[in-house]
file upload_32.pdb (PDB, C-alpha atoms)
ATOM      1  CA  GLU Q  21      11.766  22.395  32.040
ATOM      2  CA  ASN Q  22       9.572  19.594  30.698
ATOM      3  CA  ARG Q  23      10.688  16.169  29.586
ATOM      4  CA  PRO Q  24      10.634  16.207  25.777
ATOM      5  CA  ASP Q  25       8.573  13.567  23.998
ATOM      6  CA  ILE Q  26      11.481  11.825  22.285
ATOM      7  CA  GLU Q  27      13.139   8.449  22.609
ATOM      8  CA  PHE Q  28      16.226   8.545  24.792
ATOM      9  CA  SER Q  29      19.210   6.349  24.252
ATOM     10  CA  LYS Q  30      21.234   5.113  27.201
ATOM     11  CA  ASN Q  31      23.668   7.993  26.554
ATOM     12  CA  VAL Q  32      21.041  10.720  26.958
ATOM     13  CA  GLN Q  33      19.890  11.894  30.355
ATOM     14  CA  TYR Q  34      17.121  14.250  31.385
ATOM     15  CA  MET Q  35      16.826  16.243  34.588
ATOM     16  CA  ASP Q  36      14.062  18.542  35.826
ATOM     17  CA  GLY Q  37      15.161  21.993  36.906
ATOM     18  CA  ASP Q  38      15.881  25.556  35.945
ATOM     19  CA  PRO Q  39      18.069  25.310  32.812
ATOM     20  CA  HIS Q  40      20.035  28.448  33.604
ATOM     21  CA  ASP Q  41      20.503  27.918  37.333
ATOM     22  CA  ARG Q  42      24.173  27.223  38.046
ATOM     23  CA  SER Q  43      23.479  24.684  40.829
ATOM     24  CA  THR Q  44      20.976  22.759  38.677
ATOM     25  CA  LEU Q  45      23.518  22.595  35.862
ATOM     26  CA  GLU Q  46      26.275  21.520  38.247
ATOM     27  CA  ASN Q  47      23.992  18.770  39.619
ATOM     28  CA  ALA Q  48      23.360  17.709  36.025
ATOM     29  CA  ASN Q  49      27.148  17.399  35.667
ATOM     30  CA  VAL Q  50      27.389  19.676  32.614
ATOM     31  CA  SER Q  51      31.079  20.145  33.360
ATOM     32  CA  LYS Q  52      31.648  16.626  31.981
ATOM     33  CA  ALA Q  53      28.964  16.558  29.285
ATOM     34  CA  LYS Q  54      30.082  16.116  25.678
ATOM     35  CA  ASN Q  55      26.831  17.432  24.211
ATOM     36  CA  ILE Q  56      24.054  19.583  25.616
ATOM     37  CA  MET Q  57      20.799  20.153  23.767
ATOM     38  CA  LEU Q  58      18.627  23.119  24.730
ATOM     39  CA  CYS Q  59      15.042  22.805  23.491
ATOM     40  CA  MET Q  60      13.014  25.212  25.575
ATOM     41  CA  ASN Q  61      10.172  27.411  24.356
ATOM     42  CA  ASN Q  62      11.711  30.637  25.663
ATOM     43  CA  ASP Q  63      14.651  31.904  23.588
ATOM     44  CA  SER Q  64      15.768  34.272  26.369
ATOM     45  CA  LYS Q  65      16.144  31.321  28.747
ATOM     46  CA  ILE Q  66      18.085  29.432  26.087
ATOM     47  CA  LEU Q  67      20.471  32.363  25.610
ATOM     48  CA  LEU Q  68      21.039  32.666  29.355
ATOM     49  CA  ALA Q  69      21.532  28.895  29.696
ATOM     50  CA  ILE Q  70      24.151  28.964  26.909
ATOM     51  CA  HIS Q  71      26.145  31.588  28.832
ATOM     52  CA  VAL Q  72      26.044  29.670  32.118
ATOM     53  CA  ILE Q  73      26.813  26.316  30.468
ATOM     54  CA  ARG Q  74      29.725  27.818  28.548
ATOM     55  CA  GLU Q  75      31.158  29.139  31.841
ATOM     56  CA  LEU Q  76      30.858  25.691  33.430
ATOM     57  CA  ASN Q  77      32.154  23.757  30.412
ATOM     58  CA  PRO Q  78      33.906  25.657  27.625
ATOM     59  CA  TRP Q  79      34.468  22.420  25.643
ATOM     60  CA  THR Q  80      30.971  20.952  25.469
ATOM     61  CA  ASN Q  81      29.022  20.915  22.222
ATOM     62  CA  ILE Q  82      25.920  23.097  22.739
ATOM     63  CA  ILE Q  83      22.985  22.625  20.380
ATOM     64  CA  ALA Q  84      20.241  25.235  20.714
ATOM     65  CA  LYS Q  85      16.746  25.110  19.223
ATOM     66  CA  MET Q  86      15.815  28.742  18.651
ATOM     67  CA  ASN Q  87      12.147  29.503  18.204
ATOM     68  CA  ASP Q  88      12.834  32.866  16.565
ATOM     69  CA  PRO Q  89      15.472  32.589  13.817
ATOM     70  CA  GLY Q  90      16.388  36.219  14.512
ATOM     71  CA  TYR Q  91      18.051  35.041  17.722
ATOM     72  CA  ILE Q  92      20.401  32.596  15.987
ATOM     73  CA  PRO Q  93      23.289  35.123  15.755
ATOM     74  CA  MET Q  94      22.903  35.860  19.483
ATOM     75  CA  ALA Q  95      22.930  32.148  20.338
ATOM     76  CA  GLU Q  96      26.073  31.646  18.280
ATOM     77  CA  SER Q  97      27.676  34.704  19.862
ATOM     78  CA  ALA Q  98      26.762  33.372  23.318
ATOM     79  CA  GLY Q  99      28.559  30.121  22.537
ATOM     80  CA  ALA Q 100      26.121  27.718  20.858
ATOM     81  CA  ASP Q 101      27.949  25.407  18.475
ATOM     82  CA  GLN Q 102      24.871  24.573  16.405
ATOM     83  CA  THR Q 103      21.550  26.338  16.223
ATOM     84  CA  ILE Q 104      18.376  25.062  14.688
ATOM     85  CA  ALA Q 105      15.245  27.087  14.018
ATOM     86  CA  PRO Q 106      12.459  24.607  13.224
ATOM     87  CA  ALA Q 107       9.998  27.402  12.442
ATOM     88  CA  ALA Q 108      12.332  28.867   9.818
ATOM     89  CA  LEU Q 109      12.827  25.465   8.229
ATOM     90  CA  ALA Q 110       9.087  24.807   8.168
ATOM     91  CA  GLY Q 111       8.478  28.299   6.785
ATOM     92  CA  ARG Q 112      10.970  27.694   3.976
ATOM     93  CA  LEU Q 113       9.239  24.436   3.042
ATOM     94  CA  LEU Q 114       5.818  26.090   3.150
ATOM     95  CA  SER Q 115       7.027  28.929   0.943
ATOM     96  CA  ILE Q 116       8.098  26.566  -1.847
ATOM     97  CA  VAL Q 117       5.563  23.745  -1.584
ATOM     98  CA  THR Q 118       3.138  25.179  -4.164
ATOM     99  CA  LYS Q 119       5.802  25.699  -6.819
ATOM    100  CA  GLN Q 120       8.133  22.816  -5.922
ATOM    101  CA  PRO Q 121       6.064  20.135  -4.191
ATOM    102  CA  TYR Q 122       8.447  17.301  -5.057
ATOM    103  CA  VAL Q 123      11.400  19.127  -3.482
ATOM    104  CA  VAL Q 124       9.407  19.369  -0.259
ATOM    105  CA  LYS Q 125       8.270  15.749  -0.573
ATOM    106  CA  TRP Q 126      11.876  14.579  -1.091
ATOM    107  CA  PHE Q 127      13.112  16.600   1.888
ATOM    108  CA  LEU Q 128      10.394  15.283   4.189
ATOM    109  CA  GLN Q 129      10.961  11.704   3.081
ATOM    110  CA  ALA Q 130      14.761  12.008   3.269
ATOM    111  CA  THR Q 131      14.605  13.269   6.835
ATOM    112  CA  SER Q 132      11.969  10.776   7.975
ATOM    113  CA  VAL Q 133      13.048   7.926  10.248
ATOM    114  CA  SER Q 134      10.974   5.539   8.145
ATOM    115  CA  MET Q 135      13.151   5.982   5.065
ATOM    116  CA  HIS Q 136      15.573   3.289   3.944
ATOM    117  CA  GLU Q 137      18.297   5.905   3.609
ATOM    118  CA  HIS Q 138      19.978   8.030   6.208
ATOM    119  CA  PHE Q 139      22.699  10.655   6.408
ATOM    120  CA  VAL Q 140      26.149  10.064   7.865
ATOM    121  CA  GLU Q 141      28.954  12.495   8.621
ATOM    122  CA  TYR Q 142      32.258  10.791   7.829
ATOM    123  CA  PRO Q 143      35.459  12.475   9.062
ATOM    124  CA  VAL Q 144      38.302  11.675   6.640
ATOM    125  CA  GLN Q 145      41.463  10.515   8.431
ATOM    126  CA  GLU Q 146      45.029  10.288   7.057
ATOM    127  CA  LYS Q 147      44.704   6.557   6.285
ATOM    128  CA  SER Q 148      41.183   6.684   4.867
ATOM    129  CA  LEU Q 149      40.519   4.833   1.640
ATOM    130  CA  PHE Q 150      39.083   8.074   0.261
ATOM    131  CA  VAL Q 151      42.210  10.257   0.637
ATOM    132  CA  ASN Q 152      43.426  11.602  -2.729
ATOM    133  CA  LYS Q 153      40.409  10.172  -4.564
ATOM    134  CA  THR Q 154      37.995  12.351  -6.468
ATOM    135  CA  ILE Q 155      34.247  12.354  -6.021
ATOM    136  CA  ALA Q 156      34.039  10.666  -9.452
ATOM    137  CA  ASP Q 157      36.375   7.866  -8.238
ATOM    138  CA  ILE Q 158      34.252   7.270  -5.145
ATOM    139  CA  ARG Q 159      30.983   7.280  -7.057
ATOM    140  CA  ARG Q 160      32.423   4.861  -9.614
ATOM    141  CA  ASP Q 161      33.951   2.451  -7.070
ATOM    142  CA  SER Q 162      31.209   2.441  -4.424
ATOM    143  CA  LYS Q 163      27.524   3.046  -3.931
ATOM    144  CA  LEU Q 164      28.092   6.070  -1.686
ATOM    145  CA  LYS Q 165      26.141   9.218  -2.452
ATOM    146  CA  ILE Q 166      28.266  12.134  -1.285
ATOM    147  CA  ILE Q 167      25.920  15.100  -0.963
ATOM    148  CA  GLY Q 168      28.240  17.544   0.764
ATOM    149  CA  ILE Q 169      31.771  18.194   2.003
ATOM    150  CA  GLU Q 170      32.989  20.367   4.852
ATOM    151  CA  SER Q 171      36.604  21.373   4.242
ATOM    152  CA  GLY Q 172      38.944  24.175   5.174
ATOM    153  CA  ASP Q 173      37.249  26.189   2.411
ATOM    154  CA  GLY Q 174      33.784  25.803   3.983
ATOM    155  CA  PHE Q 175      30.756  23.681   3.131
ATOM    156  CA  GLU Q 176      30.056  22.629  -0.436
ATOM    157  CA  LYS Q 177      26.720  21.057  -1.394
ATOM    158  CA  LEU Q 178      26.839  18.461  -4.149
ATOM    159  CA  PRO Q 179      30.607  18.733  -4.733
ATOM    160  CA  SER Q 180      31.981  18.585  -8.266
ATOM    161  CA  GLU Q 181      33.179  15.275  -9.695
ATOM    162  CA  SER Q 182      36.754  16.591  -9.769
ATOM    163  CA  TYR Q 183      36.945  17.455  -6.042
ATOM    164  CA  THR Q 184      39.836  15.549  -4.407
ATOM    165  CA  ILE Q 185      39.284  14.292  -0.855
ATOM    166  CA  SER Q 186      41.845  15.387   1.758
ATOM    167  CA  PRO Q 187      42.467  14.390   5.372
ATOM    168  CA  GLY Q 188      40.360  16.593   7.637
ATOM    169  CA  ASP Q 189      37.452  16.788   5.190
ATOM    170  CA  LYS Q 190      34.051  15.749   6.494
ATOM    171  CA  LEU Q 191      31.890  13.933   3.952
ATOM    172  CA  ILE Q 192      28.118  14.145   4.223
ATOM    173  CA  VAL Q 193      26.953  10.843   2.791
ATOM    174  CA  MET Q 194      23.512   9.391   2.092
ATOM    175  CA  VAL Q 195      23.583   5.648   2.671
ATOM    176  CA  SER Q 196      20.959   2.971   2.102
ATOM    177  CA  ASP Q 197      19.982   0.487   4.779
TER     178      ASP Q 197
END
call {"tool": "encode", "arguments": {"input": "upload_32.pdb", "output": "structure tokens"}}
result
Amino acid sequence: ENRPDIEFSKNVQYMDGDPHDRSTLENANVSKAKNIMLCMNNDSKILLAIHVIRELNPWTNIIAKMNDPGYIPMAESAGADQTIAPAALAGRLLSIVTKQPYVVKWFLQATSVSMHEHFVEYPVQEKSLFVNKTIADIRRDSKLKIIGIESGDGFEKLPSESYTISPGDKLIVMVSD
């Protein structure tokens, strides 16, 4: 409904209009969009927009910012692929800042664009150099900091040194600039 105050790359487009009106979404060409990000202030409008978008493009990746974390299950049920609740994240940080201030400081610095490190999601292919290597092998042979792995068994934070990388795994890596 309002142009967000963020930098747009050449691959991101913005259009004014009703985000759950079928004709507006068709004019925005959502049927060919790879990713759609919904960042409105009204969760009900987001939920309705997810339904309409999913009807127009069942294959697009829908990211929804939910203001009330209680609506996350509904957004996922409606067809959102990823949901983010900034208020819940901020609340979690506020709840621990007095007892664990350095955890909060690390998180804020790690997610800041001014840091010299950033996070990368690396999909492991059949011919990847990492296939059949353990986390210990990778840490020994490179400077990569693997902080998580998404596999067929789910997501594992800080995987054990003995974990063996397989094709299809997704490595969450912290890299330095």
call {"tool": "resolve_selection", "arguments": {"input": "upload_32.pdb", "expression": "the PyMOL selection byres ((chain Q and resi 40) around 10)", "output": "number ranges by chain"}}
result
Q: 37-39, 41-45, 65-73
call {"tool": "closest_residue", "arguments": {"input": "upload_32.pdb", "among": "Q:Leu178, Q:Leu191, Q:Leu113, Q:Ile166", "to": "Tyr142 of chain Q", "atoms": "all atoms listed in the file"}}
result
Q:Leu191
call {"tool": "residues_around", "arguments": {"input": "upload_32.pdb", "residues": "segment 146-158 of chain Q", "least_positions_apart": "6", "cutoff": "9 Å", "atoms": "all atoms listed in the file", "output": "MDAnalysis selection string"}}
result
chainID Q and resid 164:166 179:188
call {"tool": "closest_residue", "arguments": {"input": "upload_32.pdb", "among": "Q:Val144, Q:Val124, Q:Val195, Q:Met35", "to": "Asn49 of chain Q", "atoms": "all atoms listed in the file"}}
result
Q:Met35
call {"tool": "residues_near_point", "arguments": {"input": "upload_32.pdb", "point": "(36.5, 24.3, 27.2)", "cutoff": "12 Å", "atoms": "all atoms listed in the file", "output": "MDAnalysis selection string"}}
result
chainID Q and resid 50:54 73:82 99
call {"tool": "write_last_selection", "arguments": {"input": "upload_32.pdb", "atoms": "C-alpha atoms", "output": "short mmCIF file (atom, residue, chain, number, x, y, z; two decimals), keeping the file's coordinate frame"}}
result
data_model
loop_
_atom_site.label_atom_id
_atom_site.label_comp_id
_atom_site.auth_asym_id
_atom_site.auth_seq_id
_atom_site.Cartn_x
_atom_site.Cartn_y
_atom_site.Cartn_z
CA VAL Q 50 27.39 19.68 32.61
CA SER Q 51 31.08 20.14 33.36
CA LYS Q 52 31.65 16.63 31.98
CA ALA Q 53 28.96 16.56 29.28
CA LYS Q 54 30.08 16.12 25.68
CA ILE Q 73 26.81 26.32 30.47
CA ARG Q 74 29.72 27.82 28.55
CA GLU Q 75 31.16 29.14 31.84
CA LEU Q 76 30.86 25.69 33.43
CA ASN Q 77 32.15 23.76 30.41
CA PRO Q 78 33.91 25.66 27.62
CA TRP Q 79 34.47 22.42 25.64
CA THR Q 80 30.97 20.95 25.47
CA ASN Q 81 29.02 20.92 22.22
CA ILE Q 82 25.92 23.10 22.74
CA GLY Q 99 28.56 30.12 22.54
#
call {"tool": "closest_residue", "arguments": {"input": "upload_32.pdb", "among": "Q:Arg160, Q:Pro143, Q:Pro93, Q:Asp189", "to": "Gly172 of chain Q", "atoms": "only C-alpha atoms"}}
result
Q:Asp189
call {"tool": "atom_distance", "arguments": {"input": "upload_32.pdb", "atom1": "atom CA of Asp101 of chain Q", "atom2": "atom CA of His138 of chain Q"}}
result
22.7 Å
call {"tool": "atom_distance", "arguments": {"input": "upload_32.pdb", "atom1": "atom CA of Ile167 of chain Q", "atom2": "atom CA of Leu109 of chain Q"}}
result
19.1 Å
call {"tool": "atom_distance", "arguments": {"input": "upload_32.pdb", "atom1": "atom CA of Leu114 of chain Q", "atom2": "atom CA of Glu141 of chain Q"}}
result
27.4 Å
call {"tool": "closest_residue", "arguments": {"input": "upload_32.pdb", "among": "Q:Gly168, Q:Pro89, Q:Ala100, Q:Met60", "to": "Phe139 of chain Q", "atoms": "all atoms listed in the file"}}
result
Q:Gly168
call {"tool": "resolve_selection", "arguments": {"input": "upload_32.pdb", "expression": "the PyMOL selection byres ((chain Q and resi 61) around 12)", "output": "MDAnalysis selection string"}}
result
chainID Q and resid 21:22 24 39 58:60 62:67 84:88 105:107
call {"tool": "axis_aligned_box", "arguments": {"input": "upload_32.pdb", "around": "segment 171-183 of chain Q", "padding_each_side": "3 Å", "output": "AutoDock Vina command-line options"}}
result
--center_x 32.8 --center_y 20.7 --center_z -2.3 --size_x 18.2 --size_y 16.9 --size_z 20.9
call {"tool": "build_atoms", "arguments": {"input": "upload_32.pdb", "residues": "segment 73-84 of chain Q", "atoms": "N, CA, C and O atoms", "output": "short mmCIF file (atom, residue, chain, number, x, y, z; two decimals), in the coordinates of the input"}}
result
data_model
loop_
_atom_site.label_atom_id
_atom_site.label_comp_id
_atom_site.auth_asym_id
_atom_site.auth_seq_id
_atom_site.Cartn_x
_atom_site.Cartn_y
_atom_site.Cartn_z
N ILE Q 73 26.21 27.60 30.84
CA ILE Q 73 26.81 26.32 30.47
C ILE Q 73 28.23 26.53 29.94
O ILE Q 73 29.16 25.81 30.29
N ARG Q 74 28.40 27.55 29.13
CA ARG Q 74 29.72 27.82 28.55
C ARG Q 74 30.73 28.17 29.65
O ARG Q 74 31.89 27.80 29.56
N GLU Q 75 30.27 28.85 30.71
CA GLU Q 75 31.16 29.14 31.84
C GLU Q 75 31.55 27.85 32.57
O GLU Q 75 32.70 27.70 32.99
N LEU Q 76 30.60 26.93 32.70
CA LEU Q 76 30.86 25.69 33.43
C LEU Q 76 31.65 24.67 32.60
O LEU Q 76 32.37 23.85 33.16
N ASN Q 77 31.47 24.72 31.28
CA ASN Q 77 32.15 23.76 30.41
C ASN Q 77 32.42 24.40 29.05
O ASN Q 77 31.58 24.36 28.16
N PRO Q 78 33.60 24.98 28.90
CA PRO Q 78 33.91 25.66 27.62
C PRO Q 78 34.09 24.70 26.45
O PRO Q 78 34.12 25.13 25.30
N TRP Q 79 34.17 23.37 26.71
CA TRP Q 79 34.47 22.42 25.64
C TRP Q 79 33.26 21.63 25.18
O TRP Q 79 33.34 20.90 24.20
N THR Q 80 32.13 21.74 25.86
CA THR Q 80 30.97 20.95 25.47
C THR Q 80 30.38 21.46 24.16
O THR Q 80 30.53 22.63 23.79
N ASN Q 81 29.72 20.58 23.46
CA ASN Q 81 29.02 20.92 22.22
C ASN Q 81 27.59 21.32 22.59
O ASN Q 81 26.82 20.50 23.06
N ILE Q 82 27.26 22.60 22.39
CA ILE Q 82 25.92 23.10 22.74
C ILE Q 82 25.08 23.22 21.47
O ILE Q 82 25.47 23.92 20.53
N ILE Q 83 23.94 22.55 21.48
CA ILE Q 83 22.98 22.62 20.38
C ILE Q 83 21.77 23.37 20.92
O ILE Q 83 21.21 22.97 21.95
N ALA Q 84 21.36 24.43 20.24
CA ALA Q 84 20.24 25.24 20.71
C ALA Q 84 19.14 25.29 19.66
O ALA Q 84 19.40 25.61 18.51
#
